[in-house]
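Engineer: Before I ask anything, let me first share the structure, which is written out below as structure tokens.
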Amino acid sequence: MTHHGLVPGPLRPRAGRGASKLSEQSRRACVFVVGTFVVSWGAWWSLAALSNAGAVTLDAPAGWALFVLGGTAPTWVAYLAVWRTPEAGPLREFNRRVLRWRVPLSLLAAALLGAAALGVVSMALAGLLTSVSWPEGRGALAVFVPAVGVGIVFGGIEEVGWRGALQPAVTARWNLLTANLVIAAVWTIWHLPLFWVVGTSQHGAPFGLFVLAGFGYSAIMTWLYARTQSVALCVLFHAGISAAAAAGLAFSFSDMPGFAVQALVVAGVGVSVLVFTRRR
């Protein structure tokens, strides 16, 4: 039986061993989500309070340590969750999904260039609908390529947890559209403290538009993982989001009203991909 017509997997819990494994997957997801929020929110809300009081800046050692601690939590807490729930799958199986690169070339290209392509389309559309113009002097591939590497370390690797530990449990219970609603809600709420941390790209940005864009980006990663069982592709796509903005190939949170157009485009594409996949 195929899961949503994409990859092997159960559509419903089965009695006995299958149901037990599904229960363990849920337990793993719970350990991951609770642990991640405890660590990340503890670090980030502390940083928000300190930065707003003027006691710490983001580029100070203490501020940077709190920022990195919160940002890396989804990665290492995921491994803690795997260790605590061996019945849901051994570590070697988890690592195979994290490091899986043997995927169709078309999907590899979509993961690497997808965010930039959506950004370019959004910029073209925003230029037609508003007075927004293309950012000057930032659109070179010479900026995009190294920015992807930086984006993997500072952001992309969090998908080890969201896709490796959370998505399998969620998609085992619901279809991809519903599952993505759950994943996107958890993912965007997790970022909430950063909107109060002085110096972050999210500080002062409209949270509602961030949620809308986050739902769309998450939908594409939900689809990528369902097609390939590859966490690595999701890491690459996530890194491409920040890399595209750094290279002037997409709008950043502060680029208004361009980012509003981009959020709508990304959400629309994300929903379309999942709906099309579901119909197949």
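Within each chain, counting starts at residue 1; across the structure tokens, chains are named A, B, ... in the order shown, with ligands numbered 1 upward in that order.
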Report as a list in words all protein, DNA and RNA residues lying within 9 Å of segment 150-155 of chain A, evaluated on only C-alpha atoms, omitting residues in the same chain fewer than 2 positions from it.

Structural biologist: Val68, Gly71, Thr72, Pro146, Ala147, Val148, Ile157, Glu158, Glu159, Val235, Leu236, Phe237, His238, Ala239, Gly240, Ile241, Ser242 and Ala243 of chain A

Engineer: Just write the chosen residues, all heavy atoms, as a compact mmCIF listing (two decimals), in the first residue's frame.

Structural biologist:
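Saved as out.txt:
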```txt
# COMPACT_ATOMS: atom_id res chain seq x y z
N VAL A 68 22.08 30.99 19.07
CA VAL A 68 22.50 29.72 18.46
C VAL A 68 21.92 28.53 19.22
O VAL A 68 21.50 27.53 18.62
CB VAL A 68 24.03 29.63 18.40
CG1 VAL A 68 24.49 28.24 17.98
CG2 VAL A 68 24.59 30.68 17.43
N GLY A 71 18.42 28.15 18.07
CA GLY A 71 18.32 27.79 16.66
C GLY A 71 18.77 26.37 16.35
O GLY A 71 18.27 25.75 15.40
N THR A 72 19.69 25.84 17.14
CA THR A 72 20.19 24.49 16.87
C THR A 72 19.39 23.41 17.60
O THR A 72 19.57 22.22 17.33
CB THR A 72 21.67 24.36 17.30
OG1 THR A 72 21.79 24.68 18.69
CG2 THR A 72 22.56 25.28 16.48
N PRO A 146 27.48 30.66 -2.06
CA PRO A 146 28.01 30.56 -0.69
C PRO A 146 26.95 30.79 0.38
O PRO A 146 27.04 30.25 1.48
CB PRO A 146 29.08 31.65 -0.64
CG PRO A 146 28.76 32.60 -1.74
CD PRO A 146 28.11 31.77 -2.81
N ALA A 147 25.92 31.60 0.05
CA ALA A 147 24.85 31.84 1.02
C ALA A 147 24.07 30.57 1.31
O ALA A 147 23.54 30.41 2.41
CB ALA A 147 23.92 32.93 0.50
N VAL A 148 23.99 29.66 0.35
CA VAL A 148 23.34 28.37 0.60
C VAL A 148 24.11 27.59 1.66
O VAL A 148 23.52 27.00 2.58
CB VAL A 148 23.23 27.55 -0.70
CG1 VAL A 148 22.81 26.11 -0.39
CG2 VAL A 148 22.23 28.18 -1.65
N ILE A 157 19.65 23.06 8.88
CA ILE A 157 19.78 21.80 9.62
C ILE A 157 18.67 21.60 10.65
O ILE A 157 18.53 20.49 11.17
CB ILE A 157 21.15 21.68 10.31
CG1 ILE A 157 21.39 22.84 11.27
CG2 ILE A 157 22.27 21.57 9.30
CD1 ILE A 157 22.63 22.66 12.14
N GLU A 158 17.86 22.62 10.90
CA GLU A 158 16.75 22.40 11.82
C GLU A 158 15.73 21.43 11.24
O GLU A 158 14.93 20.83 11.97
CB GLU A 158 16.08 23.73 12.18
CG GLU A 158 15.28 24.35 11.08
CD GLU A 158 14.79 25.76 11.41
OE1 GLU A 158 15.62 26.59 11.87
OE2 GLU A 158 13.60 26.04 11.22
N GLU A 159 15.75 21.23 9.90
CA GLU A 159 14.83 20.29 9.27
C GLU A 159 15.13 18.84 9.66
O GLU A 159 14.29 17.96 9.44
CB GLU A 159 14.88 20.42 7.75
CG GLU A 159 14.43 21.78 7.22
CD GLU A 159 13.03 22.16 7.65
OE1 GLU A 159 12.19 21.25 7.87
OE2 GLU A 159 12.76 23.37 7.79
N VAL A 235 16.62 20.25 4.01
CA VAL A 235 17.69 21.12 4.53
C VAL A 235 18.16 22.07 3.43
O VAL A 235 18.33 23.27 3.66
CB VAL A 235 18.86 20.28 5.06
CG1 VAL A 235 20.07 21.16 5.39
CG2 VAL A 235 18.45 19.49 6.29
N LEU A 236 18.35 21.53 2.23
CA LEU A 236 18.82 22.33 1.11
C LEU A 236 17.80 23.39 0.72
O LEU A 236 18.16 24.55 0.47
CB LEU A 236 19.11 21.41 -0.08
CG LEU A 236 19.80 22.03 -1.29
CD1 LEU A 236 21.17 22.59 -0.90
CD2 LEU A 236 19.97 20.99 -2.40
N PHE A 237 16.52 23.01 0.67
CA PHE A 237 15.49 23.99 0.31
C PHE A 237 15.40 25.09 1.36
O PHE A 237 15.31 26.28 1.02
CB PHE A 237 14.13 23.30 0.16
CG PHE A 237 13.03 24.25 -0.22
CD1 PHE A 237 12.80 24.56 -1.56
CD2 PHE A 237 12.22 24.85 0.73
CE1 PHE A 237 11.80 25.44 -1.92
CE2 PHE A 237 11.22 25.73 0.39
CZ PHE A 237 11.00 26.03 -0.95
N HIS A 238 15.44 24.71 2.62
CA HIS A 238 15.38 25.70 3.71
C HIS A 238 16.55 26.67 3.60
O HIS A 238 16.38 27.88 3.76
CB HIS A 238 15.40 24.98 5.06
CG HIS A 238 15.12 25.87 6.22
ND1 HIS A 238 14.35 25.48 7.28
CD2 HIS A 238 15.52 27.13 6.52
CE1 HIS A 238 14.27 26.45 8.17
NE2 HIS A 238 14.99 27.47 7.72
N ALA A 239 17.74 26.15 3.33
CA ALA A 239 18.91 27.02 3.18
C ALA A 239 18.72 27.97 2.01
O ALA A 239 19.17 29.13 2.04
CB ALA A 239 20.16 26.17 2.98
N GLY A 240 18.06 27.50 0.95
CA GLY A 240 17.82 28.34 -0.22
C GLY A 240 16.91 29.51 0.04
O GLY A 240 16.97 30.52 -0.66
N ILE A 241 16.05 29.42 1.06
CA ILE A 241 15.13 30.52 1.38
C ILE A 241 15.91 31.76 1.79
O ILE A 241 15.73 32.85 1.26
CB ILE A 241 14.15 30.10 2.49
CG1 ILE A 241 13.27 28.95 2.03
CG2 ILE A 241 13.28 31.30 2.90
CD1 ILE A 241 12.40 28.36 3.13
N SER A 242 16.81 31.58 2.78
CA SER A 242 17.61 32.73 3.25
C SER A 242 18.65 33.13 2.22
O SER A 242 18.98 34.31 2.07
CB SER A 242 18.27 32.40 4.59
OG SER A 242 19.05 31.22 4.49
N ALA A 243 19.19 32.15 1.47
CA ALA A 243 20.20 32.45 0.46
C ALA A 243 19.61 33.30 -0.66
O ALA A 243 20.26 34.23 -1.18
CB ALA A 243 20.79 31.17 -0.11
```

Engineer: Taking the DSSP secondary structure from the backbone, can you list the residues of segment 1-249 of chain A that are helix (DSSP H, G or I), as a PyMOL selection string?

Structural biologist: chain A and resi 17-52+61-84+86-88+91-98+105-129+141-153+156-171+176-190+192-196+207-228+231-246

Engineer: Quick one: everything within 8 Å of Asn52 of chain A, counting only C-alpha atoms, minus sequence neighbours fewer than 5 positions away in the same chain. Send it as a list in words.

Structural biologist: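 Contacts, in chain order: Trp196, Val197 and Val198 of chain A.
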
Engineer: May I have the residues from that selection written out with all heavy atoms, as a PDB file, in the first residue's frame?

Structural biologist:
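Saved result, out_0.pdb, follows:
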```pdb
ATOM      1  N   TRP A 196      10.648  39.446  18.787  1.00  0.00           N
ATOM      2  CA  TRP A 196      10.905  40.389  19.868  1.00  0.00           C
ATOM      3  C   TRP A 196      12.395  40.521  20.193  1.00  0.00           C
ATOM      4  O   TRP A 196      12.772  41.276  21.071  1.00  0.00           O
ATOM      5  CB  TRP A 196      10.148  39.977  21.134  1.00  0.00           C
ATOM      6  CG  TRP A 196       8.724  40.419  21.123  1.00  0.00           C
ATOM      7  CD1 TRP A 196       8.217  41.576  21.629  1.00  0.00           C
ATOM      8  CD2 TRP A 196       7.611  39.721  20.559  1.00  0.00           C
ATOM      9  NE1 TRP A 196       6.859  41.642  21.415  1.00  0.00           N
ATOM     10  CE2 TRP A 196       6.456  40.518  20.759  1.00  0.00           C
ATOM     11  CE3 TRP A 196       7.466  38.497  19.906  1.00  0.00           C
ATOM     12  CZ2 TRP A 196       5.194  40.130  20.340  1.00  0.00           C
ATOM     13  CZ3 TRP A 196       6.214  38.112  19.482  1.00  0.00           C
ATOM     14  CH2 TRP A 196       5.090  38.914  19.689  1.00  0.00           C
ATOM     15  N   VAL A 197      13.239  39.795  19.455  1.00  0.00           N
ATOM     16  CA  VAL A 197      14.686  39.884  19.677  1.00  0.00           C
ATOM     17  C   VAL A 197      15.249  40.980  18.785  1.00  0.00           C
ATOM     18  O   VAL A 197      15.198  40.882  17.551  1.00  0.00           O
ATOM     19  CB  VAL A 197      15.386  38.544  19.380  1.00  0.00           C
ATOM     20  CG1 VAL A 197      16.904  38.702  19.502  1.00  0.00           C
ATOM     21  CG2 VAL A 197      14.894  37.461  20.333  1.00  0.00           C
ATOM     22  N   VAL A 198      15.779  42.014  19.382  1.00  0.00           N
ATOM     23  CA  VAL A 198      16.337  43.136  18.627  1.00  0.00           C
ATOM     24  C   VAL A 198      17.553  42.657  17.824  1.00  0.00           C
ATOM     25  O   VAL A 198      18.467  42.036  18.360  1.00  0.00           O
ATOM     26  CB  VAL A 198      16.761  44.276  19.574  1.00  0.00           C
ATOM     27  CG1 VAL A 198      17.388  45.421  18.786  1.00  0.00           C
ATOM     28  CG2 VAL A 198      15.570  44.763  20.392  1.00  0.00           C
TER      29      VAL A 198
END
```

Engineer: Can you list, as a PDB file with C-alpha atoms, in the first residue's frame, every protein, DNA or RNA residue that comes within 9 Å of segment 201-209 of chain A when you count only C-alpha atoms, leaving out same-chain residues fewer than 6 positions away?

Structural biologist:
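Listed below is the output, part_9.pdb:
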```pdb
ATOM      1  CA  THR A 188       5.959  29.190  12.720  1.00  0.00           C
ATOM      2  CA  HIS A 191       9.869  31.270  15.639  1.00  0.00           C
ATOM      3  CA  LEU A 192       7.636  33.615  17.642  1.00  0.00           C
ATOM      4  CA  LEU A 194      12.528  36.050  17.397  1.00  0.00           C
ATOM      5  CA  PHE A 195      10.018  38.780  16.530  1.00  0.00           C
ATOM      6  CA  SER A 252      13.228  39.703   2.878  1.00  0.00           C
ATOM      7  CA  PHE A 253      10.752  40.250   5.723  1.00  0.00           C
ATOM      8  CA  SER A 254      11.321  44.013   5.721  1.00  0.00           C
ATOM      9  CA  PHE A 259       7.142  40.335   0.859  1.00  0.00           C
ATOM     10  CA  ALA A 260       3.332  40.359   1.046  1.00  0.00           C
ATOM     11  CA  ALA A 263       3.955  35.250   0.861  1.00  0.00           C
ATOM     12  CA  LEU A 264       0.840  34.898  -1.295  1.00  0.00           C
TER      13      LEU A 264
END
```

Engineer: So which residues touch segment 161-175 of chain A within 6 Å, counting only C-alpha atoms, skipping near sequence neighbours fewer than 2 positions away, as a PDB file with N, CA and C atoms, in the first residue's frame?

Structural biologist:
```
ATOM      1  N   GLN A  25       6.249   6.438  17.074  1.00  0.00           N
ATOM      2  CA  GLN A  25       6.521   7.606  16.236  1.00  0.00           C
ATOM      3  C   GLN A  25       5.894   8.856  16.842  1.00  0.00           C
ATOM      4  N   SER A  26       4.683   8.714  17.349  1.00  0.00           N
ATOM      5  CA  SER A  26       4.018   9.844  18.001  1.00  0.00           C
ATOM      6  C   SER A  26       4.776  10.257  19.255  1.00  0.00           C
ATOM      7  N   ALA A  29       7.809  12.168  18.218  1.00  0.00           N
ATOM      8  CA  ALA A  29       7.445  13.525  17.816  1.00  0.00           C
ATOM      9  C   ALA A  29       7.163  14.403  19.034  1.00  0.00           C
ATOM     10  N   PRO A  74      16.319  22.188  17.342  1.00  0.00           N
ATOM     11  CA  PRO A  74      15.595  21.161  16.583  1.00  0.00           C
ATOM     12  C   PRO A  74      16.499  20.057  16.034  1.00  0.00           C
ATOM     13  N   THR A  75      17.775  20.349  15.842  1.00  0.00           N
ATOM     14  CA  THR A  75      18.682  19.344  15.306  1.00  0.00           C
ATOM     15  C   THR A  75      19.111  18.352  16.378  1.00  0.00           C
ATOM     16  N   ALA A  78      16.293  16.420  18.171  1.00  0.00           N
ATOM     17  CA  ALA A  78      15.788  15.322  17.338  1.00  0.00           C
ATOM     18  C   ALA A  78      16.573  14.046  17.607  1.00  0.00           C
ATOM     19  N   GLU A 158      17.865  22.618  10.899  1.00  0.00           N
ATOM     20  CA  GLU A 158      16.746  22.405  11.820  1.00  0.00           C
ATOM     21  C   GLU A 158      15.730  21.433  11.241  1.00  0.00           C
ATOM     22  N   GLU A 159      15.754  21.233   9.896  1.00  0.00           N
ATOM     23  CA  GLU A 159      14.830  20.288   9.269  1.00  0.00           C
ATOM     24  C   GLU A 159      15.127  18.843   9.662  1.00  0.00           C
ATOM     25  N   LEU A 177      -2.128  17.608   3.226  1.00  0.00           N
ATOM     26  CA  LEU A 177      -2.612  18.970   3.473  1.00  0.00           C
ATOM     27  C   LEU A 177      -2.809  19.225   4.961  1.00  0.00           C
ATOM     28  N   THR A 178      -3.477  18.305   5.629  1.00  0.00           N
ATOM     29  CA  THR A 178      -3.705  18.458   7.065  1.00  0.00           C
ATOM     30  C   THR A 178      -2.397  18.361   7.831  1.00  0.00           C
ATOM     31  N   ALA A 179      -1.562  17.423   7.428  1.00  0.00           N
ATOM     32  CA  ALA A 179      -0.270  17.256   8.096  1.00  0.00           C
ATOM     33  C   ALA A 179       0.559  18.524   7.997  1.00  0.00           C
TER      34      ALA A 179
END
```

Engineer: Closest to Gly70 of chain A among A:Gly156, A:Pro193, A:Pro86, A:Gly114, using only C-alpha atoms?

Structural biologist: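 Of A:Gly156, A:Pro193, A:Pro86, A:Gly114, the one nearest Gly70 of chain A is A:Pro193, counting only C-alpha atoms.
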
Engineer: Out of A:Leu141, A:Leu105, A:Leu129, A:Ala219, which residue has the shortest atom-to-atom distance to Gly248 of chain A when counting only C-alpha atoms?

Structural biologist: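 Of all the options, A:Leu141 lies closest to Gly248 of chain A.
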
Engineer: Have a look at atom CA of Ala185 of chain A and atom CA of Gly63 of chain A and let me know their distance in Å, one decimal.

Structural biologist: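 The value is 26.5 Å.
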
Engineer: Please measure the separation of atom CA of Arg28 of chain A and atom CA of Gln229 of chain A, giving the value in Å to one decimal.

Structural biologist: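 Taking atom CA of Arg28 of chain A and atom CA of Gln229 of chain A, their separation equals 17.2 Å.
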